[in-house]
Each structure stands twice: as structure tokens, then as C-alpha cells.
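Have a look at the structure below, then the notes.
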Amino acid sequence: MALVDGSLMQLPLVLSKEAETVELTRRYFGLIEKFRQLRVPVVGYISQPASVMVMRSIRMLGCEQALPCEDFPVEGCSCTPLWSVDDADLFWEILENGHLSPMFEPTFSNLKGGSAEEFKGLVFSYLATPHELVRLEYPRWMADEGVLAKAARIALHQCWLGKGYPNALTLAHGHAVLHNSDREAYYFLLERAGLMRKTTEKAHGKRLIGQAI
């Protein structure tokens with residue numbers, strides 16, 4: 001299984017209309033599709049998720065207004081108590097240790113064009129580990145083809161090995177150290193691709209000093 005530290009959905013990139021970002025996002029989803037061709041599950045692992053996607057739906061269902069409250073109600077409303085609860089709070093209370101929540105699919109009325117179709121193939125669930133409630137983001141095909149349960153067991157085993165956090169991700173963090181020469185090459189490639197503004201001479205001077213340390 002391929003385990004990603006953080007969101008697999010990359011929603012801020014998907015919503016971007018900039019041509020360079022749209023192209024990079026298209027390539028990104030193309031890589032995710034290759035995992036399917038290789039029969040390798042790929043999962044985004046989000047520790048301490050702050051999402052309210054599920055709770056937003058619950059608030060809308062529990063709201064007494066004809067048009068459900070889009071913001072915290074100034075005056076008392078039936079949905080008021082629900083505004084202090086996020087998805088992690090909810091599923092931490094109702095999921096037993098090691099259990100996976102139902103699958104959820106985010107929907108956005110303004111998500112059109114670009115990588116919208118590829119994004120629609122990504123879904124998420126919540127997983128109760130012995131240490132915390134985590135959010136798993138993954139392609140829908142994993143559930144359709146019966147590999148989701150195994151992927152959840154692998155994530156739990158990784159948490160056990162890492163004493164609360166996936167051991168594979170901890171090891172990856174330890175090796176993902178950029179030296180000064182690596183960092184400069186990275187900045188250069190970003191600037192050449194037009195994805196980063198050229199630095200000021202002051203910032204350039206600081207970077208030269210940093211290289212010499």
C-alpha cells in the first residue's frame with residue numbers, strides 16, 4: 001500500500017483555475033490512476049483531522065430554519081449545539097477501536113472543469129485507532145474492488161508499529177531532509193517553471209549566506 005502523509009484530495013489545487021496548477025493537478029490524478037493499474041491501494045492519512053464535512057450535513061438536517069444556517073446562528077437555533085462538534089469529535093464517540101466509518105464523497109456545486117471529474121473518484125472514511133481518530137482519503141475503486149478493509153488494517157498495523165503514528169511515514173520524514181544544494185535546485189526549478197516568483201536580491205543574498213553555513 002502507498003501511504004501519503006496528508007490529504008490525497010488536494011482540494012485547494014483542484015479548485016485553482018491557474019493553467020499551470022490545472023496541468024500539474026491533471027498529472028497528479030494521472031499518477032493516482034496508475035496505482036489502480038498496478039493494483040496498489042493508495043491512501044492519504046490525516047492525523048487530527050479538523051474537517052466538518054460530515055457535521056455540516058448533520059447541522060443542515062438538524063436546523064429548524066427553512067434555509068439552514070451557513071454560519072453560527074446569532075440567535076438560538078436547533079442546530080446551535082452542533083456547531084461545536086467536528087467530524088473527529090463525532091466519530092471518536094461512535095466508532096469502536098479499529099473500526100472504519102461509512103464512506104463519504106465530498107460534493108461541491110462550484111467544482112466544474114479542470115480536474116473535477118478525476119476528483120470525483122476520491123472519497124474518505126474515518127478510522128478509530130487506539131490513539132486518535134484519523135481520516136483516510138482514497139480512490140473509490142478501493143471500496144468497489146474490496147481492498148479498503150485490508151488497507152485500513154495495514155494503517156492500524158502501521159500505527160501499532162509507530163506507537164500512535166504510521167511507522168512508514170515517520171521513517172519517510174526522517175529521510176526527507178533537503179540539504180542546501182537540494183533546496184537551491186528545487187527553488188531554481190520552481191522559478192524556471194513559473195511557479196514561484198523570482199526572489200529579491202535581499203532574499204537571494206540570505207540564501208547565499210545559508211549555503212555557506
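Residue names in the C-alpha cells use chain letters A, B, ... in the order shown, residue numbers from 1 in each chain, and ligand numbers from 1 in the order shown.
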Would you list the contacts of Phe72 (chain A) as a tab-separated table (two decimals) with N, CA and C atoms, in the first residue's frame, taking every protein, DNA or RNA residue within 10 Å and counting only C-alpha atoms, but skipping same-chain residues closer than 3 positions in sequence?
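part-v5.tsv, written as the output of this step:
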```tsv
chain	number	residue	atom	x	y	z
A	69	CYS	N	-28.70	27.26	8.46
A	69	CYS	CA	-27.69	28.26	8.82
A	69	CYS	C	-26.36	27.94	8.16
A	75	GLU	N	-28.86	34.08	16.92
A	75	GLU	CA	-29.94	33.74	17.83
A	75	GLU	C	-30.04	32.22	17.95
A	76	GLY	N	-30.63	31.76	19.04
A	76	GLY	CA	-30.73	30.33	19.27
A	76	GLY	C	-31.42	29.59	18.14
A	77	CYS	N	-30.90	28.42	17.81
A	77	CYS	CA	-31.47	27.60	16.75
A	77	CYS	C	-31.26	26.14	17.13
A	79	CYS	N	-29.83	23.93	15.58
A	79	CYS	CA	-28.52	23.43	15.17
A	79	CYS	C	-27.38	24.01	15.99
A	80	THR	N	-27.66	24.96	16.89
A	80	THR	CA	-26.61	25.63	17.65
A	80	THR	C	-25.66	24.67	18.37
A	81	PRO	N	-26.15	23.66	19.08
A	81	PRO	CA	-25.22	22.76	19.79
A	81	PRO	C	-24.29	21.98	18.86
A	82	LEU	N	-24.65	21.86	17.60
A	82	LEU	CA	-23.86	21.06	16.67
A	82	LEU	C	-22.66	21.81	16.11
A	83	TRP	N	-22.62	23.12	16.32
A	83	TRP	CA	-21.53	23.92	15.75
A	83	TRP	C	-20.22	23.77	16.51
A	84	SER	N	-20.25	23.19	17.70
A	84	SER	CA	-19.02	23.00	18.47
A	84	SER	C	-18.42	21.61	18.26
```
Which residues of region 156-187 of chain A come within 9 Å of region 2-22 of chain A, and what is each one's closest atom pair and distance in Å (one decimal), counting only C-alpha atoms, sorted by chain and residue number, as a Markdown table?
```
| residue | atom | partner | partner_atom | distance |
| --- | --- | --- | --- | --- |
| A:Pro166 | CA | A:Leu3 | CA | 8.9 |
| A:Ala168 | CA | A:Leu3 | CA | 7.9 |
| A:Leu169 | CA | A:Asp5 | CA | 6.6 |
```
Every residue of region 6-182 of chain A that DSSP places in strand (DSSP E), as an MDAnalysis selection string: chainID A and resid 42:47 122:128 133:139
Given the selection you just returned, output its residues as a file containing C-alpha atoms, formatted as a PDB file, in the first residue's frame.
```pdb
ATOM      1  CA  VAL A  42      -3.086   4.479  -2.199  1.00  0.00           C
ATOM      2  CA  VAL A  43      -4.293   6.228   0.958  1.00  0.00           C
ATOM      3  CA  GLY A  44      -3.941   9.755   2.322  1.00  0.00           C
ATOM      4  CA  TYR A  45      -3.506   9.635   6.113  1.00  0.00           C
ATOM      5  CA  ILE A  46      -4.661  12.733   8.027  1.00  0.00           C
ATOM      6  CA  SER A  47      -3.832  12.836  11.730  1.00  0.00           C
ATOM      7  CA  LEU A 122     -11.844  10.283  -4.375  1.00  0.00           C
ATOM      8  CA  VAL A 123     -13.720   9.547  -1.147  1.00  0.00           C
ATOM      9  CA  PHE A 124     -12.939   9.369   2.574  1.00  0.00           C
ATOM     10  CA  SER A 125     -13.676   7.497   5.783  1.00  0.00           C
ATOM     11  CA  TYR A 126     -12.720   7.910   9.432  1.00  0.00           C
ATOM     12  CA  LEU A 127     -10.714   5.278  11.285  1.00  0.00           C
ATOM     13  CA  ALA A 128     -10.597   4.884  15.065  1.00  0.00           C
ATOM     14  CA  LEU A 133      -9.339   9.392  15.202  1.00  0.00           C
ATOM     15  CA  VAL A 134      -7.817   9.719  11.725  1.00  0.00           C
ATOM     16  CA  ARG A 135      -9.189  10.465   8.277  1.00  0.00           C
ATOM     17  CA  LEU A 136      -8.330   8.197   5.368  1.00  0.00           C
ATOM     18  CA  GLU A 137      -8.727   9.549   1.825  1.00  0.00           C
ATOM     19  CA  TYR A 138      -8.642   7.057  -1.029  1.00  0.00           C
ATOM     20  CA  PRO A 139      -9.911   6.321  -4.560  1.00  0.00           C
TER      21      PRO A 139
END
```
Interatomic distance (Å, one decimal) between CA of Lys34 (chain A) and CA of Lys150 (chain A): 19.5 Å
